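Listing of target_15.cif; format and content: mmCIF, C-alpha atoms and all ligand atoms.
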data_upload
#
loop_
_atom_site.label_atom_id
_atom_site.label_comp_id
_atom_site.auth_asym_id
_atom_site.auth_seq_id
_atom_site.Cartn_x
_atom_site.Cartn_y
_atom_site.Cartn_z
CA MET A 1 0.00 0.00 0.00
CA GLU A 2 1.49 3.35 -1.08
CA LEU A 3 0.58 5.19 2.11
CA ASP A 4 3.31 7.76 1.57
CA ARG A 5 1.27 9.16 -1.32
CA ILE A 6 -1.44 10.19 1.19
CA ASP A 7 -1.27 13.16 3.53
CA VAL A 8 -2.46 11.22 6.58
CA VAL A 9 -2.88 14.32 8.75
CA ARG A 10 -4.95 16.26 6.20
CA TYR A 11 -7.26 13.29 5.63
CA SER A 12 -7.16 11.90 9.19
CA ARG A 13 -10.89 12.52 9.86
CA GLN A 14 -11.99 10.62 6.76
CA LEU A 15 -9.35 7.86 6.57
CA PRO A 16 -11.18 5.74 9.20
CA LEU A 17 -14.16 5.71 6.80
CA LEU A 18 -12.45 5.52 3.41
CA GLY A 19 -9.41 3.47 4.42
CA ALA A 20 -6.06 3.95 2.71
CA LEU A 21 -7.41 2.05 -0.31
CA GLY A 22 -10.40 4.38 -0.66
CA GLN A 23 -8.21 7.45 -0.29
CA LEU A 24 -5.77 6.09 -2.90
CA ARG A 25 -8.63 5.35 -5.28
CA LEU A 26 -9.79 8.94 -4.84
CA LEU A 27 -6.26 10.14 -5.50
CA GLU A 28 -6.22 8.19 -8.75
CA THR A 29 -9.54 9.65 -9.96
CA SER A 30 -9.97 12.59 -12.27
CA VAL A 31 -13.35 14.35 -12.06
CA ALA A 32 -14.76 16.91 -14.50
CA VAL A 33 -17.12 19.45 -12.95
CA VAL A 34 -19.08 21.16 -15.73
CA GLY A 35 -20.63 24.44 -14.65
CA LEU A 36 -19.15 26.40 -11.73
CA GLY A 37 -22.32 28.02 -10.41
CA GLY A 38 -24.08 27.06 -7.17
CA LEU A 39 -23.82 23.29 -7.62
CA GLY A 40 -20.36 23.37 -9.19
CA SER A 41 -18.99 25.66 -6.46
CA LEU A 42 -19.78 23.27 -3.65
CA VAL A 43 -19.01 20.12 -5.64
CA SER A 44 -15.54 21.33 -6.63
CA LEU A 45 -14.72 22.65 -3.13
CA TYR A 46 -15.76 19.38 -1.48
CA LEU A 47 -13.96 17.22 -4.06
CA ALA A 48 -10.80 19.27 -3.52
CA ALA A 49 -11.18 18.95 0.26
CA LEU A 50 -11.72 15.19 -0.03
CA GLY A 51 -8.50 14.82 -2.02
CA VAL A 52 -9.56 13.75 -5.50
CA GLY A 53 -6.48 13.37 -7.74
CA LYS A 54 -7.47 15.79 -10.46
CA LEU A 55 -10.27 18.27 -11.02
CA VAL A 56 -11.12 19.49 -14.51
CA ILE A 57 -13.32 22.54 -13.98
CA VAL A 58 -15.31 23.98 -16.88
CA ASP A 59 -17.22 27.26 -17.18
CA TYR A 60 -17.22 30.12 -19.69
CA ASP A 61 -19.04 32.71 -17.56
CA VAL A 62 -17.76 35.57 -15.40
CA VAL A 63 -18.71 36.12 -11.75
CA GLY A 64 -21.79 38.35 -11.29
CA VAL A 65 -22.85 39.96 -8.03
CA GLU A 66 -26.17 38.07 -8.31
CA ASN A 67 -24.20 34.79 -8.12
CA LEU A 68 -22.86 35.48 -4.64
CA ASN A 69 -25.98 34.39 -2.70
CA ARG A 70 -25.08 30.75 -3.42
CA GLN A 71 -21.87 30.38 -5.49
CA ILE A 72 -19.46 29.97 -2.59
CA LEU A 73 -16.30 29.72 -4.71
CA TYR A 74 -16.37 33.48 -5.24
CA THR A 75 -16.10 36.68 -3.22
CA THR A 76 -17.28 40.21 -3.96
CA ASP A 77 -13.79 41.07 -5.25
CA ASP A 78 -14.14 38.40 -7.95
CA VAL A 79 -17.10 40.08 -9.70
CA GLY A 80 -16.30 40.45 -13.41
CA LYS A 81 -13.56 37.78 -13.40
CA PRO A 82 -13.78 34.43 -15.28
CA LYS A 83 -15.28 31.81 -12.96
CA ALA A 84 -12.98 29.00 -14.15
CA LEU A 85 -9.84 31.00 -13.36
CA VAL A 86 -11.03 32.27 -9.95
CA ALA A 87 -12.14 28.74 -9.06
CA GLU A 88 -8.80 27.25 -10.12
CA ARG A 89 -6.92 29.57 -7.73
CA ARG A 90 -9.35 29.03 -4.86
CA LEU A 91 -9.30 25.23 -5.18
CA ARG A 92 -5.49 25.17 -5.26
CA GLU A 93 -5.43 27.28 -2.10
CA LEU A 94 -7.81 24.87 -0.41
CA ASN A 95 -5.80 21.76 -1.33
CA PRO A 96 -2.47 22.09 -3.15
CA LEU A 97 -2.29 18.28 -3.41
CA VAL A 98 -5.10 18.29 -5.99
CA GLU A 99 -4.24 18.93 -9.63
CA VAL A 100 -6.68 21.54 -10.93
CA GLU A 101 -7.15 22.28 -14.61
CA ALA A 102 -9.48 25.15 -15.57
CA ARG A 103 -11.17 25.19 -18.98
CA ASN A 104 -12.74 28.54 -19.77
CA VAL A 105 -15.05 27.27 -22.56
CA LYS A 106 -18.74 26.71 -23.26
CA ILE A 107 -19.32 22.98 -23.78
CA THR A 108 -20.71 22.07 -27.22
CA ARG A 109 -21.00 18.83 -29.21
CA ASP A 110 -17.86 19.87 -31.09
CA ASN A 111 -15.57 20.51 -28.12
CA VAL A 112 -16.93 18.20 -25.39
CA ALA A 113 -14.42 15.39 -26.01
CA GLU A 114 -11.48 17.79 -25.89
CA ALA A 115 -12.82 19.74 -22.90
CA LEU A 116 -13.42 16.62 -20.78
CA GLU A 117 -10.40 14.64 -21.94
CA GLY A 118 -8.84 12.59 -19.17
CA ALA A 119 -11.82 12.78 -16.80
CA ASP A 120 -13.04 9.50 -15.28
CA ILE A 121 -16.32 10.89 -13.88
CA ILE A 122 -18.48 13.72 -15.24
CA VAL A 123 -20.42 15.95 -12.79
CA ASP A 124 -23.34 18.15 -13.83
CA GLY A 125 -23.14 21.63 -12.28
CA LEU A 126 -25.28 23.15 -15.01
CA ASP A 127 -28.57 25.02 -15.18
CA ASP A 128 -29.05 24.30 -18.89
CA TRP A 129 -30.72 21.08 -20.13
CA ARG A 130 -29.32 21.30 -23.67
CA THR A 131 -25.74 21.24 -22.40
CA ARG A 132 -26.70 18.46 -19.97
CA LEU A 133 -27.80 16.43 -22.99
CA VAL A 134 -24.44 17.04 -24.70
CA LEU A 135 -22.80 15.56 -21.57
CA ASP A 136 -25.31 12.67 -21.64
CA GLU A 137 -24.32 11.84 -25.23
CA TYR A 138 -20.60 12.10 -24.41
CA ALA A 139 -20.97 9.93 -21.29
CA TRP A 140 -22.82 7.28 -23.31
CA GLU A 141 -20.22 7.29 -26.09
CA THR A 142 -17.31 6.97 -23.64
CA GLY A 143 -19.02 4.81 -20.98
CA LYS A 144 -18.05 7.31 -18.26
CA PRO A 145 -20.39 7.71 -15.25
CA TYR A 146 -22.34 10.96 -15.31
CA VAL A 147 -23.63 12.39 -12.03
CA HIS A 148 -26.64 14.59 -12.80
CA ALA A 149 -28.23 17.20 -10.55
CA ALA A 150 -30.65 20.07 -10.95
CA VAL A 151 -32.22 22.57 -8.58
CA ASP A 152 -35.38 24.65 -8.77
CA SER A 153 -36.85 26.72 -5.94
CA TYR A 154 -36.73 24.57 -2.77
CA TYR A 155 -36.26 21.30 -4.67
CA GLY A 156 -33.28 19.40 -5.97
CA GLN A 157 -32.75 16.15 -7.87
CA VAL A 158 -29.78 13.82 -8.33
CA THR A 159 -29.15 10.59 -10.25
CA VAL A 160 -26.20 8.67 -11.68
CA ILE A 161 -26.28 7.79 -15.37
CA GLN A 162 -24.15 4.82 -16.48
CA ARG A 163 -24.22 3.24 -19.94
CA GLY A 164 -25.49 -0.34 -19.87
CA VAL A 165 -26.72 0.05 -16.28
CA THR A 166 -29.23 2.91 -16.16
CA THR A 167 -31.64 4.96 -18.21
CA CYS A 168 -30.03 7.80 -20.17
CA LEU A 169 -30.56 11.42 -19.13
CA ALA A 170 -32.45 12.23 -22.35
CA CYS A 171 -35.26 9.87 -21.28
CA ILE A 172 -35.81 11.69 -17.98
CA THR A 173 -35.42 15.20 -19.40
CA PRO A 174 -38.60 17.31 -19.08
CA LYS A 175 -40.45 17.77 -22.40
CA PRO A 176 -40.43 20.29 -23.96
CA ILE A 177 -36.79 20.86 -22.98
CA PRO A 178 -36.79 23.82 -20.55
CA GLU A 179 -35.02 26.92 -21.84
CA PRO A 180 -32.15 28.13 -19.64
CA GLY A 181 -33.32 30.89 -17.34
CA CYS A 182 -32.92 32.35 -13.92
CA THR A 183 -34.69 29.99 -11.51
CA ALA A 184 -35.19 31.25 -7.97
CA VAL A 185 -33.10 29.27 -5.45
CA VAL A 186 -31.69 29.59 -1.96
CA ALA A 187 -28.16 28.46 -1.08
CA PRO A 188 -29.08 25.61 1.32
CA THR A 189 -31.13 23.83 -1.38
CA VAL A 190 -28.18 24.09 -3.77
CA GLY A 191 -25.79 22.96 -1.02
CA ILE A 192 -27.76 19.87 -0.01
CA THR A 193 -28.26 18.81 -3.63
CA ALA A 194 -24.57 19.39 -4.45
CA SER A 195 -23.53 17.44 -1.33
CA ILE A 196 -25.51 14.43 -2.52
CA GLU A 197 -23.78 14.74 -5.91
CA VAL A 198 -20.40 14.69 -4.15
CA MET A 199 -21.39 11.56 -2.21
CA GLU A 200 -22.21 9.88 -5.54
CA VAL A 201 -18.74 10.79 -6.88
CA LEU A 202 -17.17 9.53 -3.65
CA LYS A 203 -19.01 6.21 -3.93
CA LEU A 204 -18.06 5.80 -7.61
CA ALA A 205 -14.39 6.65 -6.99
CA THR A 206 -13.83 4.63 -3.79
CA LYS A 207 -16.26 1.75 -4.58
CA ILE A 208 -17.76 2.24 -1.10
CA GLY A 209 -21.58 1.89 -1.00
CA GLN A 210 -23.89 1.82 -4.04
CA PRO A 211 -24.18 4.62 -6.61
CA SER A 212 -27.75 5.90 -7.10
CA TYR A 213 -28.41 4.00 -10.33
CA ASN A 214 -31.94 3.90 -11.80
CA LYS A 215 -33.43 6.13 -9.15
CA LEU A 216 -34.05 9.83 -9.07
CA ILE A 217 -33.26 11.28 -5.64
CA ILE A 218 -35.75 14.09 -4.98
CA ILE A 219 -34.82 16.56 -2.26
CA ASP A 220 -37.50 18.82 -0.73
CA THR A 221 -35.67 21.25 1.52
CA LEU A 222 -38.82 22.85 2.91
CA LYS A 223 -40.23 19.71 4.54
CA PRO A 224 -37.36 18.52 4.58
CA SER A 225 -37.38 15.11 2.89
CA ILE A 226 -35.37 12.97 0.49
CA ASP A 227 -37.37 10.55 -1.69
CA GLU A 228 -36.49 8.12 -4.45
CA VAL A 229 -38.38 7.70 -7.72
CA PRO A 230 -37.45 4.48 -9.58
CA LEU A 231 -36.29 5.07 -13.17
CA LYS A 232 -36.95 2.46 -15.87
CA PRO A 233 -35.12 2.26 -19.20
CA THR A 234 -37.58 2.31 -22.14
CA THR A 235 -37.51 0.13 -25.26
CA GLU A 236 -38.01 3.15 -27.56
CA CYS A 237 -34.62 4.58 -26.70
CA ALA A 238 -31.53 2.98 -28.30
CA LYS A 239 -29.36 4.05 -25.36
CA CYS A 240 -31.70 2.68 -22.70
CA ARG A 241 -32.37 -0.48 -24.75
CA GLU A 242 -28.75 -1.49 -24.26
CA LYS A 243 -29.61 -2.13 -20.60
CA LEU A 244 -32.74 -4.13 -21.46
CA LEU A 245 -30.91 -6.38 -23.96
CA GLU A 246 -28.38 -7.61 -21.38
ZN ZN B 301 -32.91 6.66 -23.01
#
Write the structure described by the file as structure tokens, please.
Ligand SMILES: [Zn+2]
Amino acid sequence: MELDRIDVVRYSRQLPLLGALGQLRLLETSVAVVGLGGLGSLVSLYLAALGVGKLVIVDYDVVGVENLNRQILYTTDDVGKPKALVAERRLRELNPLVEVEARNVKITRDNVAEALEGADIIVDGLDDWRTRLVLDEYAWETGKPYVHAAVDSYYGQVTVIQRGVTTCLACITPKPIPEPGCTAVVAPTVGITASIEVMEVLKLATKIGQPSYNKLIIIDTLKPSIDEVPLKPTTECAKCREKLLE
């Protein structure tokens, strides 16, 4: 066991849970966080704190003052600066042991493979269903796990998409596809939803516990409650059919 590769003091409060093997698996995992808004802020901070090996962080936007009620990567001084570059600096300050690579681009069908090159796990920090579907297509083509989340008002949802194991994201996307817009949200709803996303990444990377396959986790932060809706692959979808033909 290559224990010398682990900072045992930094990770001492989680090593009893993850074990050296779990921590090493995390160290050997590269995670792409797409979208550095409310979800992506917390996901990337927690993944850096946990000690993931590499973070590929992707966003093309600049910090706005209206982002600061929930996007905890940024401070008032960062307004007007590119999110990916501010986030890169902040994440390195939090944990210099994590390799952080910022990509200041808008994900499209044409650049997704290049932008997410080298990532083992894809995390959805987006507020835009069309870009989510680009990630869904890429995850299916490459077989990479895709941790999806979305928030709206006091509600959040999370699921893990995996080719050959689960339904695809396209089949659970609301129809008609919602246009990107400014949904009203409060930080705790974003934080709880993002935390569940991070747990899914942790489970996938360390092989501890079971990823949330074929179930949509629904979080109601007003009650509060966390429910599961079972997801079933459909025969009409070529991507989902792959699971049914096993
Ligand atoms: Zn499908």
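Those protein and nucleic acid residues that have any atom within 8 Å of ligand ZN 301 (chain B) are, using all atoms listed in the file, Thr167, Cys168, Leu169, Ala170, Cys171, Ile172, Pro233, Thr234, Glu236, Cys237, Ala238, Lys239, Cys240 and Arg241 of chain A.
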(request) Provide the atom CA of Asp7 of chain A to atom CA of Leu85 of chain A distance in Å, to one decimal place. (result) 26.0 Å
With only C-alpha atoms counted and 9 Å as the cut-off, give the residues of segment 131-238 of chain A in contact with segment 20-32 of chain A, each with its shortest interatomic distance in Å and the pair that gives it, as CSV.
residue,atom,partner,partner_atom,distance
A:Val201,CA,A:Val31,CA,8.3
A:Leu202,CA,A:Leu26,CA,7.5
A:Ala205,CA,A:Leu26,CA,5.6
A:Thr206,CA,A:Gly22,CA,4.7
A:Lys207,CA,A:Gly22,CA,7.5
A:Ile208,CA,A:Gly22,CA,7.7
(message) Restricting the calculation to all atoms listed in the file: of A:Ala84, A:Leu50, A:Val134, A:Leu116, which residue gets closest to Leu17 of chain A?
(response) A:Leu50
(message) Ranking A:Val8, A:Val34, A:Leu94, A:Ala119 by minimum distance to Lys54 of chain A and counting only C-alpha atoms, which one comes first?
(response)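 Distance minimum relative to Lys54 of chain A lands on A:Ala119.
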Determine, counting all atoms listed in the file, which protein, DNA and RNA residues have an atom within 9 Å of an atom of Ile192 of chain A; residues of the same chain fewer than 5 positions away are not included. Present the result as a JSON list (two decimals) with C-alpha atoms, in the frame of the given file.
[["chain", "number", "residue", "atom", "x", "y", "z"],
["A", 156, "GLY", "CA", -33.28, 19.40, -5.97],
["A", 187, "ALA", "CA", -28.16, 28.46, -1.08],
["A", 197, "GLU", "CA", -23.78, 14.74, -5.91],
["A", 219, "ILE", "CA", -34.82, 16.56, -2.26],
["A", 221, "THR", "CA", -35.67, 21.25, 1.52]]
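Between atom CA of Asp152 of chain A and atom CA of Ile57 of chain A the interatomic distance comes to 22.8 Å.
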(request) Using all atoms listed in the file, find all polymer residues with an atom at most 10 Å away from the point (-30.0, 33.3, -3.0); report them as a list of chain:residue names. (result) A:Gly38, A:Glu66, A:Asn67, A:Leu68, A:Asn69, A:Arg70, A:Gln71, A:Ser153, A:Ala184, A:Val185, A:Val186, A:Ala187, A:Pro188, A:Thr189, A:Val190
(request) Find, counting all atoms listed in the file, the residue in A:Gln157, A:Ser41, A:Thr193, A:Gln210 that gets nearest to Glu88 of chain A. (result)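 Ranked by minimum distance to Glu88 of chain A, first place goes to A:Ser41.
Atom to atom, atom CA of Thr166 of chain A and atom CA of Met199 of chain A stand 18.2 Å apart.
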(request) Fewer than 5 positions away in the same chain doesn't count, so skip those; otherwise give me all residues within 10 Å of Asp128 of chain A, counting only C-alpha atoms, as an MDAnalysis selection string. (result) chainID A and resid 35 133 150 177:181
For the selection you just gave me, I'd like the residues written to a file as a PDB file, in the frame of the given file, keeping C-alpha atoms.
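Result went into part.pdb, see below:
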ATOM      1  CA  GLY A  35     -20.630  24.440 -14.650  1.00  0.00           C
ATOM      2  CA  LEU A 133     -27.800  16.430 -22.990  1.00  0.00           C
ATOM      3  CA  ALA A 150     -30.650  20.070 -10.950  1.00  0.00           C
ATOM      4  CA  ILE A 177     -36.790  20.860 -22.980  1.00  0.00           C
ATOM      5  CA  PRO A 178     -36.790  23.820 -20.550  1.00  0.00           C
ATOM      6  CA  GLU A 179     -35.020  26.920 -21.840  1.00  0.00           C
ATOM      7  CA  PRO A 180     -32.150  28.130 -19.640  1.00  0.00           C
ATOM      8  CA  GLY A 181     -33.320  30.890 -17.340  1.00  0.00           C
TER       9      GLY A 181
END
Taking all atoms of segment 45-53 of chain A that the file lists and extending 3 Å past them on each side, where is the centre of the axis-aligned box and how long are its edges? Answer in Å to one decimal, as JSON.
{"center_x": -11.1, "center_y": 18.0, "center_z": -3.7, "size_x": 15.3, "size_y": 15.3, "size_z": 14.0}
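Excluding Leu126 of chain A itself and same-chain residues fewer than 4 positions from it, the residues having an atom within 10 Å of it are Val33, Val34, Gly35, Leu36, Gly37, Gly38, Leu39, Gly40, Asp59, Arg130, Thr131, Arg132, His148, Ala149, Ala150, Val151 and Pro180 of chain A, counting only C-alpha atoms.
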Using C-alpha atoms, can you export the residues from the last selection as a PDB file, keeping the file's coordinate frame?
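Writing done, so here's selection_19.pdb:
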ATOM      1  CA  VAL A  33     -17.120  19.450 -12.950  1.00  0.00           C
ATOM      2  CA  VAL A  34     -19.080  21.160 -15.730  1.00  0.00           C
ATOM      3  CA  GLY A  35     -20.630  24.440 -14.650  1.00  0.00           C
ATOM      4  CA  LEU A  36     -19.150  26.400 -11.730  1.00  0.00           C
ATOM      5  CA  GLY A  37     -22.320  28.020 -10.410  1.00  0.00           C
ATOM      6  CA  GLY A  38     -24.080  27.060  -7.170  1.00  0.00           C
ATOM      7  CA  LEU A  39     -23.820  23.290  -7.620  1.00  0.00           C
ATOM      8  CA  GLY A  40     -20.360  23.370  -9.190  1.00  0.00           C
ATOM      9  CA  ASP A  59     -17.220  27.260 -17.180  1.00  0.00           C
ATOM     10  CA  ARG A 130     -29.320  21.300 -23.670  1.00  0.00           C
ATOM     11  CA  THR A 131     -25.740  21.240 -22.400  1.00  0.00           C
ATOM     12  CA  ARG A 132     -26.700  18.460 -19.970  1.00  0.00           C
ATOM     13  CA  HIS A 148     -26.640  14.590 -12.800  1.00  0.00           C
ATOM     14  CA  ALA A 149     -28.230  17.200 -10.550  1.00  0.00           C
ATOM     15  CA  ALA A 150     -30.650  20.070 -10.950  1.00  0.00           C
ATOM     16  CA  VAL A 151     -32.220  22.570  -8.580  1.00  0.00           C
ATOM     17  CA  PRO A 180     -32.150  28.130 -19.640  1.00  0.00           C
TER      18      PRO A 180
END
